[in-house]
Each structure stands twice: as structure tokens, then as C-alpha cells.
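A.B. asks: Sharing a structure below in C-alpha cells format, with a few things to ask.
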Amino acid sequence: MESLTALKTGEAGIVEKVTGGRSFVSRASAMGFTSNVELTMLQNFARGPLLVFLRDSQIALGRGEAEKIKVRRK
């Protein structure tokens, strides 16, 4: 299990769990980051936000938020 930031552009993964405070976990769940959901990394440069394709939506996340989302490579 590794953080979302470890996925490279084009790689797919499955959400294992979301860590962090209660408000972040609630907000991430509302965006669709729940257990066993498949996602694809659309953009992951060395710096700046990440762009993820999840549940027919593109979601931009800051690196700090992405570190709290644990995934398994598909």
C-alpha cells in the first residue's frame, strides 16, 4: 500500500483507505475516494497538483491531500 502520489501518469490503482482528520476523510469520501474504487492517474508531475480520473470525473488534488490517500497498484 502506497500513497496516491507514488502512481505515475497513466497508471491505475485501487483505493485502499483514506487517512487523516475527520473533515478530510469526509470530504474525500464526498469526492468519491472510497475503498475498492478504481482510479487512473492523469497527471503527476514532480511538483504541483495531481489530476486523477475517478468515477467518470477528473479531480485535482494537492500533494498533501494525495499523500493521505493510500492505494494499491492495479
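All residue names refer to the C-alpha cells as shown: chains lettered A, B, ... in order, residues numbered from 1 in each chain, ligands numbered from 1 in order.
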Just the helix (DSSP H, G or I) stuff from chain A, please, per backbone DSSP, written as a list in words.
C.D. replies: Leu4, Thr5, Ala6, Arg22, Ser23, Phe24, Val25, Ser26, Arg27, Ala28, Ser29, Ala30, Met31, Arg63, Gly64, Glu65, Ala66 and Glu67 of chain A
A.B. asks: Those same residues - N, CA and C atoms - I'd like them written as an mmCIF file, in the first residue's frame.
C.D. replies:
```cif
data_model
loop_
_atom_site.group_PDB
_atom_site.id
_atom_site.type_symbol
_atom_site.label_atom_id
_atom_site.label_comp_id
_atom_site.auth_asym_id
_atom_site.auth_seq_id
_atom_site.Cartn_x
_atom_site.Cartn_y
_atom_site.Cartn_z
ATOM 1 N N LEU A 4 -1.102 7.954 -3.010
ATOM 2 C CA LEU A 4 -1.544 8.267 -4.367
ATOM 3 C C LEU A 4 -0.445 8.961 -5.165
ATOM 4 N N THR A 5 0.415 9.705 -4.493
ATOM 5 C CA THR A 5 1.491 10.417 -5.190
ATOM 6 C C THR A 5 2.512 9.475 -5.823
ATOM 7 N N ALA A 6 2.542 8.200 -5.429
ATOM 8 C CA ALA A 6 3.504 7.239 -5.975
ATOM 9 C C ALA A 6 3.119 6.754 -7.366
ATOM 10 N N ARG A 22 -10.977 13.862 10.481
ATOM 11 C CA ARG A 22 -12.371 13.545 10.163
ATOM 12 C C ARG A 22 -12.899 14.389 9.017
ATOM 13 N N SER A 23 -12.555 15.675 8.984
ATOM 14 C CA SER A 23 -13.080 16.542 7.921
ATOM 15 C C SER A 23 -12.496 16.170 6.557
ATOM 16 N N PHE A 24 -11.193 15.820 6.516
ATOM 17 C CA PHE A 24 -10.611 15.425 5.230
ATOM 18 C C PHE A 24 -11.194 14.106 4.742
ATOM 19 N N VAL A 25 -11.343 13.139 5.637
ATOM 20 C CA VAL A 25 -11.901 11.840 5.246
ATOM 21 C C VAL A 25 -13.322 12.022 4.711
ATOM 22 N N SER A 26 -14.086 12.872 5.347
ATOM 23 C CA SER A 26 -15.455 13.129 4.901
ATOM 24 C C SER A 26 -15.466 13.798 3.528
ATOM 25 N N ARG A 27 -14.598 14.781 3.331
ATOM 26 C CA ARG A 27 -14.540 15.491 2.050
ATOM 27 C C ARG A 27 -14.058 14.576 0.935
ATOM 28 N N ALA A 28 -13.049 13.743 1.223
ATOM 29 C CA ALA A 28 -12.535 12.805 0.221
ATOM 30 C C ALA A 28 -13.603 11.785 -0.163
ATOM 31 N N SER A 29 -14.370 11.320 0.808
ATOM 32 C CA SER A 29 -15.459 10.383 0.512
ATOM 33 C C SER A 29 -16.513 11.034 -0.367
ATOM 34 N N ALA A 30 -16.800 12.296 -0.115
ATOM 35 C CA ALA A 30 -17.782 13.019 -0.934
ATOM 36 C C ALA A 30 -17.296 13.180 -2.373
ATOM 37 N N MET A 31 -15.970 13.251 -2.564
ATOM 38 C CA MET A 31 -15.409 13.359 -3.920
ATOM 39 C C MET A 31 -15.371 12.008 -4.619
ATOM 40 N N ARG A 63 -0.754 17.885 -3.341
ATOM 41 C CA ARG A 63 0.124 16.783 -2.932
ATOM 42 C C ARG A 63 -0.101 16.372 -1.484
ATOM 43 N N GLY A 64 -0.384 17.309 -0.604
ATOM 44 C CA GLY A 64 -0.642 16.978 0.795
ATOM 45 C C GLY A 64 -1.877 16.110 0.953
ATOM 46 N N GLU A 65 -2.905 16.426 0.194
ATOM 47 C CA GLU A 65 -4.132 15.614 0.231
ATOM 48 C C GLU A 65 -3.872 14.236 -0.367
ATOM 49 N N ALA A 66 -3.145 14.193 -1.476
ATOM 50 C CA ALA A 66 -2.882 12.921 -2.158
ATOM 51 C C ALA A 66 -2.039 11.982 -1.298
ATOM 52 N N GLU A 67 -1.185 12.522 -0.443
ATOM 53 C CA GLU A 67 -0.374 11.689 0.449
ATOM 54 C C GLU A 67 -1.244 10.918 1.441
#
```
A.B. asks: Near Val71 (chain A), counting only C-alpha atoms, which residues have an atom at most 9 Å away, once you skip same-chain residues fewer than 6 positions from it, shown as a VMD selection string?
C.D. replies: chain A and resid 1 to 4 6 to 7 13 to 18
